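Coordinates from entry-v1.tsv are shown below (TSV, C-alpha atoms).
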chain	number	residue	atom	x	y	z
T	1	MET	CA	0.00	0.00	0.00
T	2	ASP	CA	1.18	3.53	-0.74
T	3	GLY	CA	-0.46	5.09	2.29
T	4	LYS	CA	-3.47	6.45	0.41
T	5	VAL	CA	-6.89	5.17	1.36
T	6	GLY	CA	-8.95	3.34	-1.23
T	7	ASN	CA	-11.92	4.78	-3.09
T	8	GLY	CA	-14.50	3.15	-0.82
T	9	GLU	CA	-12.75	4.42	2.29
T	10	ARG	CA	-12.39	7.87	0.77
T	11	ARG	CA	-16.10	7.95	-0.03
T	12	LYS	CA	-16.98	7.09	3.55
T	13	LYS	CA	-14.57	9.64	4.96
T	14	GLY	CA	-15.85	12.39	2.68
T	15	ASN	CA	-19.49	11.71	3.38
T	16	ASN	CA	-18.92	12.03	7.11
T	17	VAL	CA	-18.02	15.72	6.75
T	18	VAL	CA	-21.36	16.74	5.29
T	19	GLU	CA	-23.49	14.02	6.82
T	20	GLU	CA	-22.32	14.89	10.34
T	21	LEU	CA	-23.11	18.55	9.71
T	22	LEU	CA	-26.59	17.71	8.44
T	23	ARG	CA	-27.19	15.27	11.28
T	24	GLU	CA	-26.32	17.96	13.83
T	25	ASN	CA	-28.76	20.37	12.15
T	26	CYS	CA	-31.79	18.12	11.69
T	27	GLY	CA	-31.13	17.58	7.99
T	28	TRP	CA	-30.21	21.08	6.84
T	29	ALA	CA	-27.24	23.45	6.88
T	30	VAL	CA	-26.72	27.07	5.87
T	31	VAL	CA	-24.10	28.02	3.29
T	32	ASP	CA	-22.79	31.59	3.29
T	33	GLY	CA	-23.76	34.27	0.77
T	34	GLY	CA	-22.15	36.49	-1.85
T	35	LEU	CA	-18.54	37.17	-0.87
T	36	ALA	CA	-17.80	39.64	-3.66
T	37	THR	CA	-21.07	41.46	-3.02
T	38	GLU	CA	-20.25	41.99	0.62
T	39	LEU	CA	-16.65	42.97	-0.11
T	40	GLU	CA	-18.02	45.70	-2.37
T	41	ASN	CA	-20.54	46.71	0.29
T	42	ASN	CA	-17.57	47.17	2.61
T	43	GLY	CA	-15.75	49.43	0.15
T	44	ALA	CA	-13.58	47.05	-1.89
T	45	ASP	CA	-13.03	47.85	-5.57
T	46	ILE	CA	-13.24	44.49	-7.38
T	47	LYS	CA	-14.08	45.58	-10.92
T	48	ASP	CA	-11.07	43.61	-11.97
T	49	SER	CA	-10.22	40.44	-13.89
T	50	LEU	CA	-9.28	38.85	-10.54
T	51	TRP	CA	-12.64	39.90	-9.05
T	52	SER	CA	-12.87	39.13	-5.31
T	53	SER	CA	-9.48	37.35	-5.32
T	54	LYS	CA	-7.87	40.77	-5.79
T	55	CYS	CA	-8.64	41.30	-2.11
T	56	LEU	CA	-6.27	38.45	-1.19
T	57	PHE	CA	-3.41	40.91	-1.68
T	58	SER	CA	-5.17	44.29	-1.48
T	59	CYS	CA	-7.29	43.86	1.68
T	60	PRO	CA	-7.11	40.34	3.16
T	61	GLU	CA	-8.44	41.42	6.56
T	62	LEU	CA	-11.64	42.56	4.85
T	63	ILE	CA	-12.14	39.02	3.53
T	64	LYS	CA	-11.86	37.70	7.08
T	65	LYS	CA	-14.37	40.32	8.27
T	66	VAL	CA	-16.90	39.24	5.65
T	67	HIS	CA	-16.42	35.58	6.59
T	68	LEU	CA	-17.11	36.53	10.20
T	69	ASP	CA	-20.20	38.48	9.19
T	70	TYR	CA	-21.60	35.38	7.51
T	71	LEU	CA	-20.84	33.23	10.54
T	72	GLU	CA	-22.62	35.73	12.75
T	73	ALA	CA	-25.57	35.54	10.34
T	74	GLY	CA	-25.83	31.78	10.84
T	75	ALA	CA	-23.73	30.21	8.08
T	76	SER	CA	-22.16	26.83	8.83
T	77	ILE	CA	-20.16	26.64	5.59
T	78	LEU	CA	-17.70	29.33	4.49
T	79	ILE	CA	-16.63	29.45	0.84
T	80	THR	CA	-13.14	30.83	0.31
T	81	ALA	CA	-12.16	33.87	-1.76
T	82	SER	CA	-10.55	31.70	-4.45
T	83	TYR	CA	-13.34	31.49	-7.03
T	84	GLN	CA	-11.45	33.64	-9.53
T	85	ALA	CA	-8.02	33.06	-7.97
T	86	THR	CA	-5.78	31.25	-10.42
T	87	ILE	CA	-2.05	30.88	-10.76
T	88	GLU	CA	-2.25	32.16	-14.34
T	89	GLY	CA	-4.25	35.19	-13.23
T	90	PHE	CA	-1.78	36.11	-10.52
T	91	LEU	CA	1.21	35.54	-12.83
T	92	SER	CA	-0.32	37.98	-15.30
T	93	ARG	CA	-0.27	40.61	-12.55
T	94	GLY	CA	3.44	40.19	-11.88
T	95	PHE	CA	3.38	37.71	-9.02
T	96	SER	CA	5.82	34.81	-9.08
T	97	GLN	CA	4.73	31.17	-9.14
T	98	GLU	CA	5.54	30.89	-5.43
T	99	GLU	CA	3.65	34.09	-4.60
T	100	SER	CA	0.67	32.97	-6.67
T	101	GLU	CA	0.46	29.66	-4.86
T	102	SER	CA	0.81	31.47	-1.53
T	103	LEU	CA	-2.19	33.66	-2.37
T	104	LEU	CA	-4.27	30.56	-3.11
T	105	ARG	CA	-3.31	29.10	0.26
T	106	LYS	CA	-4.13	32.41	1.92
T	107	SER	CA	-7.75	32.14	0.76
T	108	VAL	CA	-8.15	28.97	2.83
T	109	LYS	CA	-6.12	30.34	5.74
T	110	LEU	CA	-8.34	33.43	6.04
T	111	ALA	CA	-11.51	31.35	6.21
T	112	ILE	CA	-10.00	29.01	8.80
T	113	GLU	CA	-8.83	32.00	10.87
T	114	ALA	CA	-12.33	33.49	10.70
T	115	ARG	CA	-13.83	30.21	11.87
T	116	ASN	CA	-11.35	29.92	14.74
T	117	SER	CA	-11.94	33.51	15.80
T	118	TYR	CA	-15.71	33.08	15.71
T	119	LEU	CA	-15.67	29.87	17.75
T	120	LYS	CA	-13.26	31.37	20.27
T	121	ASN	CA	-15.47	34.39	20.88
T	122	SER	CA	-18.84	32.70	20.65
T	123	SER	CA	-20.80	30.51	23.03
T	124	THR	CA	-21.69	28.18	20.17
T	125	ASN	CA	-19.84	24.98	19.44
T	126	ARG	CA	-21.57	24.29	16.14
T	127	LYS	CA	-19.69	22.55	13.36
T	128	ILE	CA	-18.36	24.97	10.71
T	129	LEU	CA	-16.84	23.80	7.42
T	130	VAL	CA	-14.48	25.65	5.08
T	131	ALA	CA	-15.03	24.98	1.38
T	132	ALA	CA	-12.22	25.97	-0.99
T	133	SER	CA	-13.80	27.52	-4.06
T	134	ILE	CA	-12.72	26.55	-7.56
T	135	GLY	CA	-14.36	28.61	-10.26
T	136	SER	CA	-14.59	27.51	-13.86
T	137	TYR	CA	-12.12	28.21	-16.65
T	138	GLY	CA	-14.59	30.84	-17.82
T	139	ALA	CA	-14.23	32.68	-14.51
T	140	TYR	CA	-10.49	32.99	-15.15
T	141	LEU	CA	-11.15	34.33	-18.66
T	142	ALA	CA	-13.34	37.03	-17.02
T	143	ASP	CA	-15.29	37.45	-20.25
T	144	GLY	CA	-18.64	36.13	-19.07
T	145	SER	CA	-18.10	32.65	-20.53
T	146	GLU	CA	-18.77	31.11	-17.11
T	147	TYR	CA	-22.37	32.09	-17.89
T	148	SER	CA	-22.34	30.53	-21.37
T	149	GLY	CA	-19.95	27.58	-21.07
T	150	ASP	CA	-18.61	28.38	-24.53
T	151	TYR	CA	-14.83	28.15	-24.40
T	152	GLY	CA	-14.27	27.64	-28.12
T	153	LYS	CA	-13.13	24.56	-30.03
T	154	ASP	CA	-9.49	24.85	-28.94
T	155	VAL	CA	-10.28	24.18	-25.27
T	156	THR	CA	-10.23	20.42	-24.74
T	157	LEU	CA	-10.65	18.15	-21.74
T	158	ASN	CA	-6.87	18.07	-21.35
T	159	THR	CA	-6.69	21.88	-21.57
T	160	LEU	CA	-9.07	22.14	-18.63
T	161	LYS	CA	-7.33	19.47	-16.60
T	162	GLU	CA	-3.94	21.12	-17.07
T	163	PHE	CA	-5.42	24.52	-16.16
T	164	HIS	CA	-7.00	23.32	-12.91
T	165	LYS	CA	-4.38	20.78	-11.82
T	166	ARG	CA	-1.87	22.80	-9.78
T	167	ARG	CA	-4.52	25.15	-8.44
T	168	LEU	CA	-6.49	22.18	-7.11
T	169	GLN	CA	-3.38	20.65	-5.54
T	170	VAL	CA	-2.41	23.89	-3.77
T	171	LEU	CA	-5.89	24.48	-2.39
T	172	VAL	CA	-6.14	20.90	-1.12
T	173	GLU	CA	-2.72	21.18	0.55
T	174	ALA	CA	-4.00	24.27	2.43
T	175	GLY	CA	-6.35	22.03	4.41
T	176	PRO	CA	-9.99	22.94	3.67
T	177	ASP	CA	-12.79	20.62	4.75
T	178	LEU	CA	-14.24	20.58	1.24
T	179	ILE	CA	-13.55	21.56	-2.34
T	180	ALA	CA	-16.36	23.60	-3.90
T	181	PHE	CA	-16.47	23.28	-7.68
T	182	GLU	CA	-18.73	26.23	-8.44
T	183	THR	CA	-20.72	27.68	-11.31
T	184	ILE	CA	-19.85	24.70	-13.54
T	185	PRO	CA	-21.19	25.66	-16.98
T	186	ASN	CA	-20.75	22.52	-19.06
T	187	LYS	CA	-20.24	18.77	-19.11
T	188	ILE	CA	-16.60	18.80	-20.21
T	189	GLU	CA	-15.45	20.77	-17.17
T	190	THR	CA	-17.40	18.46	-14.87
T	191	GLN	CA	-15.53	15.53	-16.41
T	192	ALA	CA	-12.22	17.35	-16.03
T	193	TYR	CA	-12.77	17.83	-12.29
T	194	VAL	CA	-13.80	14.20	-11.75
T	195	GLU	CA	-10.78	12.87	-13.63
T	196	LEU	CA	-8.36	15.18	-11.82
T	197	LEU	CA	-9.62	14.15	-8.41
T	198	ASP	CA	-9.09	10.52	-9.36
T	199	GLU	CA	-5.74	10.92	-11.11
T	200	LEU	CA	-4.28	13.04	-8.30
T	201	ARG	CA	-5.69	10.64	-5.69
T	202	ILE	CA	-7.16	13.55	-3.78
T	203	GLU	CA	-8.97	12.53	-0.61
T	204	THR	CA	-10.66	15.85	0.22
T	205	PRO	CA	-14.44	15.66	-0.30
T	206	ALA	CA	-15.99	17.92	-2.92
T	207	TRP	CA	-19.28	19.35	-4.02
T	208	PHE	CA	-20.31	20.10	-7.60
T	209	ALA	CA	-22.53	23.15	-8.21
T	210	PHE	CA	-23.84	23.94	-11.70
T	211	ASN	CA	-25.47	27.06	-13.09
T	212	SER	CA	-28.52	27.30	-15.32
T	213	LYS	CA	-30.36	30.03	-17.19
T	214	ASP	CA	-33.45	28.09	-18.24
T	215	GLY	CA	-34.28	25.81	-15.31
T	216	VAL	CA	-33.59	22.69	-17.38
T	217	ASN	CA	-29.99	22.58	-18.59
T	218	VAL	CA	-26.66	24.03	-17.51
T	219	VAL	CA	-25.83	27.34	-19.18
T	220	SER	CA	-23.95	25.73	-22.10
T	221	GLY	CA	-27.08	23.80	-23.07
T	222	ASP	CA	-25.62	20.52	-21.81
T	223	SER	CA	-28.06	18.35	-19.88
T	224	LEU	CA	-28.08	19.11	-16.17
T	225	THR	CA	-28.95	15.51	-15.35
T	226	GLU	CA	-26.01	14.23	-17.42
T	227	CYS	CA	-23.68	16.62	-15.60
T	228	GLY	CA	-25.16	15.54	-12.29
T	229	LEU	CA	-24.63	11.88	-13.14
T	230	ILE	CA	-20.96	12.51	-13.92
T	231	ALA	CA	-20.52	14.28	-10.58
T	232	ASP	CA	-22.41	11.55	-8.75
T	233	THR	CA	-19.94	8.90	-9.94
T	234	CYS	CA	-17.04	10.76	-8.34
T	235	HIS	CA	-15.78	9.08	-5.17
T	236	ASN	CA	-15.11	12.50	-3.59
T	237	CYS	CA	-18.56	13.88	-4.26
T	238	VAL	CA	-20.55	14.65	-1.09
T	239	ALA	CA	-23.16	17.04	-2.52
T	240	VAL	CA	-24.50	18.06	-5.92
T	241	GLY	CA	-26.51	21.11	-6.80
T	242	ILE	CA	-26.95	24.57	-8.22
T	243	ASN	CA	-25.42	27.99	-7.65
T	244	CYS	CA	-25.46	31.45	-9.24
T	245	THR	CA	-28.84	30.78	-10.84
T	246	PRO	CA	-32.05	32.86	-10.56
T	247	PRO	CA	-34.33	31.76	-7.69
T	248	ARG	CA	-37.28	31.17	-10.03
T	249	PHE	CA	-35.48	28.18	-11.60
T	250	ILE	CA	-34.28	26.47	-8.43
T	251	HIS	CA	-37.31	24.32	-7.57
T	252	SER	CA	-37.40	22.51	-10.91
T	253	LEU	CA	-33.63	22.06	-10.84
T	254	ILE	CA	-33.78	20.46	-7.39
T	255	LEU	CA	-36.37	17.99	-8.68
T	256	SER	CA	-34.11	17.15	-11.62
T	257	MET	CA	-31.12	16.59	-9.33
T	258	THR	CA	-33.03	14.25	-7.02
T	259	LYS	CA	-33.59	11.93	-9.99
T	260	VAL	CA	-29.86	11.34	-10.55
T	261	THR	CA	-28.29	11.40	-7.07
T	262	LYS	CA	-28.99	10.27	-3.54
T	263	LYS	CA	-26.34	12.66	-2.22
T	264	PRO	CA	-27.36	15.86	-0.38
T	265	ILE	CA	-28.70	18.55	-2.72
T	266	LEU	CA	-26.92	21.89	-2.52
T	267	ILE	CA	-28.41	25.20	-3.66
T	268	TYR	CA	-27.15	28.74	-3.35
T	269	PRO	CA	-28.84	30.94	-5.97
T	270	ASN	CA	-28.00	34.49	-6.90
T	271	SER	CA	-30.52	37.30	-6.48
T	272	GLY	CA	-31.87	36.79	-9.99
T	273	GLU	CA	-29.98	39.75	-11.43
T	274	SER	CA	-28.05	39.42	-14.68
T	275	TYR	CA	-24.32	40.07	-15.07
T	276	ASP	CA	-22.80	42.45	-17.63
T	277	PRO	CA	-19.28	41.07	-18.37
T	278	GLU	CA	-18.18	44.23	-20.18
T	279	LYS	CA	-19.07	46.61	-17.35
T	280	LYS	CA	-18.28	43.91	-14.76
T	281	GLU	CA	-21.42	44.70	-12.83
T	282	TRP	CA	-24.87	43.28	-12.09
T	283	VAL	CA	-28.06	44.65	-13.66
T	284	GLU	CA	-30.24	45.40	-10.65
T	285	SER	CA	-33.61	45.66	-12.41
T	286	SER	CA	-33.77	41.91	-12.96
T	287	GLY	CA	-33.38	40.79	-9.34
T	288	VAL	CA	-35.60	39.90	-6.40
T	289	THR	CA	-35.69	41.31	-2.88
T	290	ASP	CA	-34.36	39.44	0.16
T	291	GLU	CA	-37.97	38.85	1.20
T	292	ASP	CA	-38.83	37.28	-2.16
T	293	PHE	CA	-35.66	35.18	-2.12
T	294	VAL	CA	-36.28	33.85	1.37
T	295	SER	CA	-39.93	33.06	0.59
T	296	TYR	CA	-38.66	30.20	-1.57
T	297	VAL	CA	-36.53	28.53	1.11
T	298	HIS	CA	-39.18	26.31	2.69
T	299	LYS	CA	-40.29	25.09	-0.76
T	300	TRP	CA	-36.68	24.35	-1.75
T	301	HIS	CA	-36.11	22.35	1.41
T	302	GLU	CA	-39.32	20.40	0.93
T	303	ALA	CA	-38.26	19.59	-2.64
T	304	GLY	CA	-35.03	18.04	-1.35
T	305	ALA	CA	-32.42	20.76	-0.80
T	306	ALA	CA	-30.36	20.16	2.35
T	307	LEU	CA	-27.59	22.76	1.99
T	308	ILE	CA	-28.98	26.23	1.30
T	309	GLY	CA	-27.29	29.61	0.96
T	310	GLY	CA	-26.84	32.49	-1.44
T	311	CYS	CA	-24.51	33.47	-4.25
T	312	CYS	CA	-23.97	36.78	-6.06
T	313	ARG	CA	-25.86	39.80	-4.74
T	314	THR	CA	-26.95	38.07	-1.55
T	315	THR	CA	-25.74	39.34	1.82
T	316	PRO	CA	-25.51	38.41	5.51
T	317	ASP	CA	-29.10	39.64	5.82
T	318	THR	CA	-30.15	37.04	3.23
T	319	VAL	CA	-28.28	34.31	5.08
T	320	ARG	CA	-29.71	35.39	8.43
T	321	ALA	CA	-33.21	35.10	6.99
T	322	ILE	CA	-32.45	31.68	5.45
T	323	SER	CA	-31.20	30.46	8.81
T	324	ARG	CA	-34.31	31.77	10.54
T	325	VAL	CA	-36.61	29.92	8.09
T	326	LEU	CA	-34.70	26.64	8.41
T	327	LYS	CA	-34.62	26.83	12.20
T	328	GLY	CA	-38.40	27.17	12.14
T	329	LEU	CA	-38.93	23.90	10.24
Structure re-expressed in structure tokens:
Amino acid sequence: MDGKVGNGERRKKGNNVVEELLRENCGWAVVDGGLATELENNGADIKDSLWSSKCLFSCPELIKKVHLDYLEAGASILITASYQATIEGFLSRGFSQEESESLLRKSVKLAIEARNSYLKNSSTNRKILVAASIGSYGAYLADGSEYSGDYGKDVTLNTLKEFHKRRLQVLVEAGPDLIAFETIPNKIETQAYVELLDELRIETPAWFAFNSKDGVNVVSGDSLTECGLIADTCHNCVAVGINCTPPRFIHSLILSMTKVTKKPILIYPNSGESYDPEKKEWVESSGVTDEDFVSYVHKWHEAGAALIGGCCRTTPDTVRAISRVLKGL
């Protein structure tokens, strides 16, 4: 034996992380909300190709503050500020390879420090997980293709695996409880993640969250159920679901997911607003209020969602309201 645990053992180990959390919370858990949104609300300028990951070197303490705000609001899962943090992106800004990898590790370190600080100063002893975010290749391109899944014919499965490989290794080495593959726009990138986890013999559990713009398929037009099936076969997979998708589509998407997986269903929608990749801002007129967003929560949970939070344009107030609804079940 080479010291690595087998696939069956890894599956059991990974499931314990989420299953224990859900067991402690009567079958539900609260994920945090929009990190970038709250960084902006606190004065950060993130209209940048690095988006919220710019704050890893410009204002890291603000990231920790936002993590703490979400914990105070009731979140039990913190997602790191690494969604748009890539080695290639940092290199393009003049950082060295070593510095770029250090910034990736810092994203996990800040979330862990926030968790430790919260638990130290709080009377609660609730379980809190740190999920290291991995955004899609389209997020790195910063051209809006994470919302279309169209990377062009030159981007192959191997292209995606090579792009994500070292980033995934560095984040795992930083010691998060989970890997959060987020805003997955197509089937090919889902396959790339699954193959990398297997080839690198990574033991850290992972969730797979897709995005949709029609309530049926992922944004590329690929079948959501086919993507979900690919994720479900992964030995690391501990939850499958949807993020950064308008609330009005979530119920039907949950029902679709329950047909292809027995794993916990994860949902953290955006506010329903649309994103303008050229201006790098959200179009407010298309969104819903916190009250409208939260009115869906009970229905989502009844449909099968166990892990519920918010994505872009949601705030600690949104998460606080989600927590209040779930506690009342």
Identify, on the basis of all atoms listed in the file, every residue whose closest approach to stretch 78-92 of chain T does not exceed 9 Å; exclude the query and any residue fewer than 5 positions from it along the same chain; express the result as a ChimeraX atom specification.
/T:31-33,35-36,49-56,63,67,70-71,97,99-101,103-104,106-112,115,128-137,139-142,163-164,166-167,171,180-182
Option closest in space to T:Val30, from T:Glu203, T:Glu72, T:Asp143, T:Glu226 [counting all atoms listed in the file]
T:Glu72
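Considering only C-alpha atoms, the residue among T:Trp28, T:Lys64, T:Phe208, T:Leu224 positioned nearest to T:Val297 is T:Trp28.
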How far is it from atom CA of T:Trp207 to atom CA of T:Gly152, in Å with one decimal?
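Computed distance, atom CA of T:Trp207 to atom CA of T:Gly152, equals 26.0 Å.
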With a distance cut-off of 12 Å and only C-alpha atoms, select the neighbouring residues of T:Gly309, excluding the residue or stretch itself and same-chain residues fewer than 5 positions from it, and output the selection as JSON, numbers by chain.
{"T": [28, 29, 30, 31, 32, 33, 34, 35, 70, 73, 74, 75, 76, 77, 78, 79, 241, 242, 243, 244, 245, 247, 265, 266, 267, 268, 269, 270, 271, 293, 294, 296, 297, 300, 301, 314, 315, 316, 317, 318, 319, 320, 321, 322, 323, 325, 326]}
With all atoms listed in the file as the atoms that count, which of T:Val216, T:Cys227, T:Cys237, T:Ala305 lies nearest to T:Thr258?
T:Ala305
Interatomic distance between atom CA of T:Ile179 and atom CA of T:Leu200?
13.9 Å
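Nearest residue to T:Val172 among T:Thr204, T:Asn116, T:Asn125, T:Ser256 is T:Thr204, counting all atoms listed in the file.
The coordinates place atom CA of T:Lys327 at 22.6 Å from atom CA of T:Val66.
Closest approach to T:Val219 among T:Thr159, T:Gln169, T:Thr190, T:Ser148: T:Ser148, based on only C-alpha atoms.
The closest residue to T:Ile184, picked from T:Leu196, T:Val170, T:Thr156, T:Tyr147 and counting only C-alpha atoms, is T:Tyr147.
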Point (-24.1, 21.9, 15.2), cut-off 8 Å, counting only C-alpha atoms, residues as a compact mmCIF listing (two decimals) with C-alpha atoms, in the coordinates of the input:
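Written out: out.txt:
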# COMPACT_ATOMS: atom_id res chain seq x y z
CA LEU T 21 -23.11 18.55 9.71
CA GLU T 24 -26.32 17.96 13.83
CA ASN T 25 -28.76 20.37 12.15
CA ASN T 125 -19.84 24.98 19.44
CA ARG T 126 -21.57 24.29 16.14
CA LYS T 127 -19.69 22.55 13.36
CA ILE T 128 -18.36 24.97 10.71
